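Student: A single structure is presented below for examination.
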Amino acid sequence: MFLRSSIAFKLFLTILASCIVVALAMGVAVRFSFDSGFDDYVEKRERQQLETLSQLLAADYAESGNWGFLKDRRDRWWRGLRLSRRDLPDVRSHSDRAHGEPPLRVTLVDQQGNWLAGPRVRPGSDIRRLPVVVQEQTVGWLLSPPFIPLVVSDDIDQQFQARQLRATWIIVGLSVLLAALVSLLLARVLLVPVRRLAQATHRLAGGDYQTRVRVGAPDELGRLARDFNQLAHSLERHEQWRRDLLADVSHELRTPLAILRGEIEALEDGLRPLDQAALASLAHEVSRLSSLINDLYELSLADVGALDYRMETVDLADIATQAAWAVQDRFERHGLSLDVQAAAGLTLRGDYQRLLQLVGNLLENSLRYTDAPGQVMLRVARQGDGLLLDIADSAPGVPEDQLPRLFERLYRVEASRSRQHGGAGLGLAICRRIVQAHGGRIDAMPSTAGGLLIRVQFPGEHRS
């Protein structure tokens, strides 16, 4: 049962109306074609009958030698008319019809135009003339009024015409019924995937992100179904990220707050003296909280595109060298060697401070998670039309199945790069946002030294 406001009902009416218009147009066209053909048929038949009458009269003239036989034996004229059997409207007088005589639409005149037989007509340009020829000489003329289309007197012709008209409109009626049935089926079939999508959209809007629809034919509706499934998958993934983010942030905040509370309670209860070491411990936890909050704030700005970028031509090699120099002492204290390979003149359009933050975060990540004694290599080089920044460290490495997740918020590999090394797991996520803002890409892969290789590719502007 269709509702008037439903798409199915509107589609049904549209298809049905189109089919009805086509059926009626075909009916009118067929009817017009039949009428034109029937007129031509009747006209040719009338001309054939005139030619037959002309041949009969020519034979009688040849036998008599003149037209005198029409006066002596007038029945020959009627015999010729009966033999020719005209199909045109009966224009006889009442007395002629009373005697059962044939129609009188033909007039016979001699060679000079003198009337001989038939109804008297006035010569005109519209009168049809057919010669009566005897021994290649015209001895008279048959005059016939102009042909009037669709004027039929023969019973057989009238019955045939009526049957054709009736059959035409019966076919039109059956075509309309068939169109209604086909329209109904098409409306139902075409809207089945649309209904599935509508129902799935309703469930998705209600928060059921595991909703999926079956992908049918590879047409527009099939592509729409695939896009819907992709949207549902993205929403499900982002919902999972949101839950993980809340859980991880609460966990990250809980740990330093619990330590602070324990330290303060110990100081209040006199279990720990208020000395320089206690103050340093409290300051460390406060710094950890402050760093986490700053990172979260910066990441939120990056997510909405609100981070400030001042694009200019910068030297990536100079940035890498400066970032390495800033952490060189800390690397040495941790028993790590830092090798920098960067040729001058590798420039691109970028924000100097953000790129310095990028390289610093990547070096900080290696410093925090590389076992001592170990090594870290920083390399800046050209790659085709762009620039390449590689930071590779030694063991421990990261399982390959976890490499794509390193750039997610608050994600850390728990086995070898655990929370005991510090950090909130936001540095690489911020790095990805900075790289994306510069039109580049960042990937993680195993390094040849047994650790992790972070590769950053920029489409940079480079000058020598």
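Identifiers in this document derive from the order of the structure tokens: chains are assigned A, B, ..., residues are numbered from 1 separately in each chain, and ligands are numbered from 1 in order of occurrence.
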Which of range 258-436 of chain A end up as strand (DSSP E or B) when DSSP is run on this backbone - answer as number ranges by chain?
Tutor: A: 312-315, 336-342, 347-350, 374-383, 386-394
Student: Taking 6 positions as the minimum chain separation for residues in the same chain, which residues sit within 10 Å of Val30 in chain A when counting only C-alpha atoms? Answer as an MDAnalysis selection string.
Tutor: chainID A and resid 24 36 164:165 168:169
Student: Hey, what's within 8 Å of Pro373 in chain A if we count only C-alpha atoms and toss same-chain stuff fewer than 3 positions away? As a PyMOL selection string, please?
Tutor: chain A and resi 334-336
Student: In terms of the shortest atom-to-atom distance over only C-alpha atoms, which of A:Gly451, A:Arg368, A:Arg242, A:Ala317 is closest to Ala343 in chain A?
Tutor: A:Ala317
Student: May I have the residues within 9 Å of Glu263 in chain A as a PyMOL selection string, using only C-alpha atoms and disregarding those fewer than 2 positions away in the same chain?
Tutor: chain A and resi 258-261+265-268+272+278+281-282
Student: The selected residues should be written to file as a PDB file, in the first residue's frame (atoms: N, CA and C atoms).
Tutor:
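As written to disk, result-v2.pdb reads:
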ATOM      1  N   ALA A 258      47.338  11.006  41.679  1.00  0.00           N
ATOM      2  CA  ALA A 258      47.441  10.078  42.817  1.00  0.00           C
ATOM      3  C   ALA A 258      48.781  10.241  43.520  1.00  0.00           C
ATOM      4  N   ILE A 259      49.845  10.420  42.732  1.00  0.00           N
ATOM      5  CA  ILE A 259      51.164  10.624  43.345  1.00  0.00           C
ATOM      6  C   ILE A 259      51.194  11.924  44.134  1.00  0.00           C
ATOM      7  N   LEU A 260      50.647  12.982  43.541  1.00  0.00           N
ATOM      8  CA  LEU A 260      50.602  14.263  44.251  1.00  0.00           C
ATOM      9  C   LEU A 260      49.824  14.152  45.553  1.00  0.00           C
ATOM     10  N   ARG A 261      48.672  13.508  45.492  1.00  0.00           N
ATOM     11  CA  ARG A 261      47.872  13.377  46.698  1.00  0.00           C
ATOM     12  C   ARG A 261      48.611  12.580  47.768  1.00  0.00           C
ATOM     13  N   GLU A 265      49.651  14.070  51.334  1.00  0.00           N
ATOM     14  CA  GLU A 265      49.156  13.432  52.566  1.00  0.00           C
ATOM     15  C   GLU A 265      50.320  13.004  53.453  1.00  0.00           C
ATOM     16  N   ALA A 266      51.409  12.484  52.829  1.00  0.00           N
ATOM     17  CA  ALA A 266      52.577  12.089  53.627  1.00  0.00           C
ATOM     18  C   ALA A 266      53.208  13.291  54.313  1.00  0.00           C
ATOM     19  N   LEU A 267      53.245  14.454  53.605  1.00  0.00           N
ATOM     20  CA  LEU A 267      53.781  15.663  54.216  1.00  0.00           C
ATOM     21  C   LEU A 267      52.884  16.156  55.343  1.00  0.00           C
ATOM     22  N   GLU A 268      51.537  16.096  55.111  1.00  0.00           N
ATOM     23  CA  GLU A 268      50.618  16.548  56.149  1.00  0.00           C
ATOM     24  C   GLU A 268      50.692  15.674  57.401  1.00  0.00           C
ATOM     25  N   ARG A 272      56.756  12.300  55.903  1.00  0.00           N
ATOM     26  CA  ARG A 272      57.888  12.681  55.043  1.00  0.00           C
ATOM     27  C   ARG A 272      58.216  14.146  55.327  1.00  0.00           C
ATOM     28  N   ALA A 278      61.339  16.415  48.514  1.00  0.00           N
ATOM     29  CA  ALA A 278      59.874  16.347  48.456  1.00  0.00           C
ATOM     30  C   ALA A 278      59.329  17.397  47.500  1.00  0.00           C
ATOM     31  N   SER A 281      59.939  16.322  43.944  1.00  0.00           N
ATOM     32  CA  SER A 281      58.989  15.289  43.507  1.00  0.00           C
ATOM     33  C   SER A 281      57.640  15.893  43.155  1.00  0.00           C
ATOM     34  N   LEU A 282      57.194  16.836  44.001  1.00  0.00           N
ATOM     35  CA  LEU A 282      55.910  17.500  43.703  1.00  0.00           C
ATOM     36  C   LEU A 282      56.018  18.314  42.406  1.00  0.00           C
TER      37      LEU A 282
END
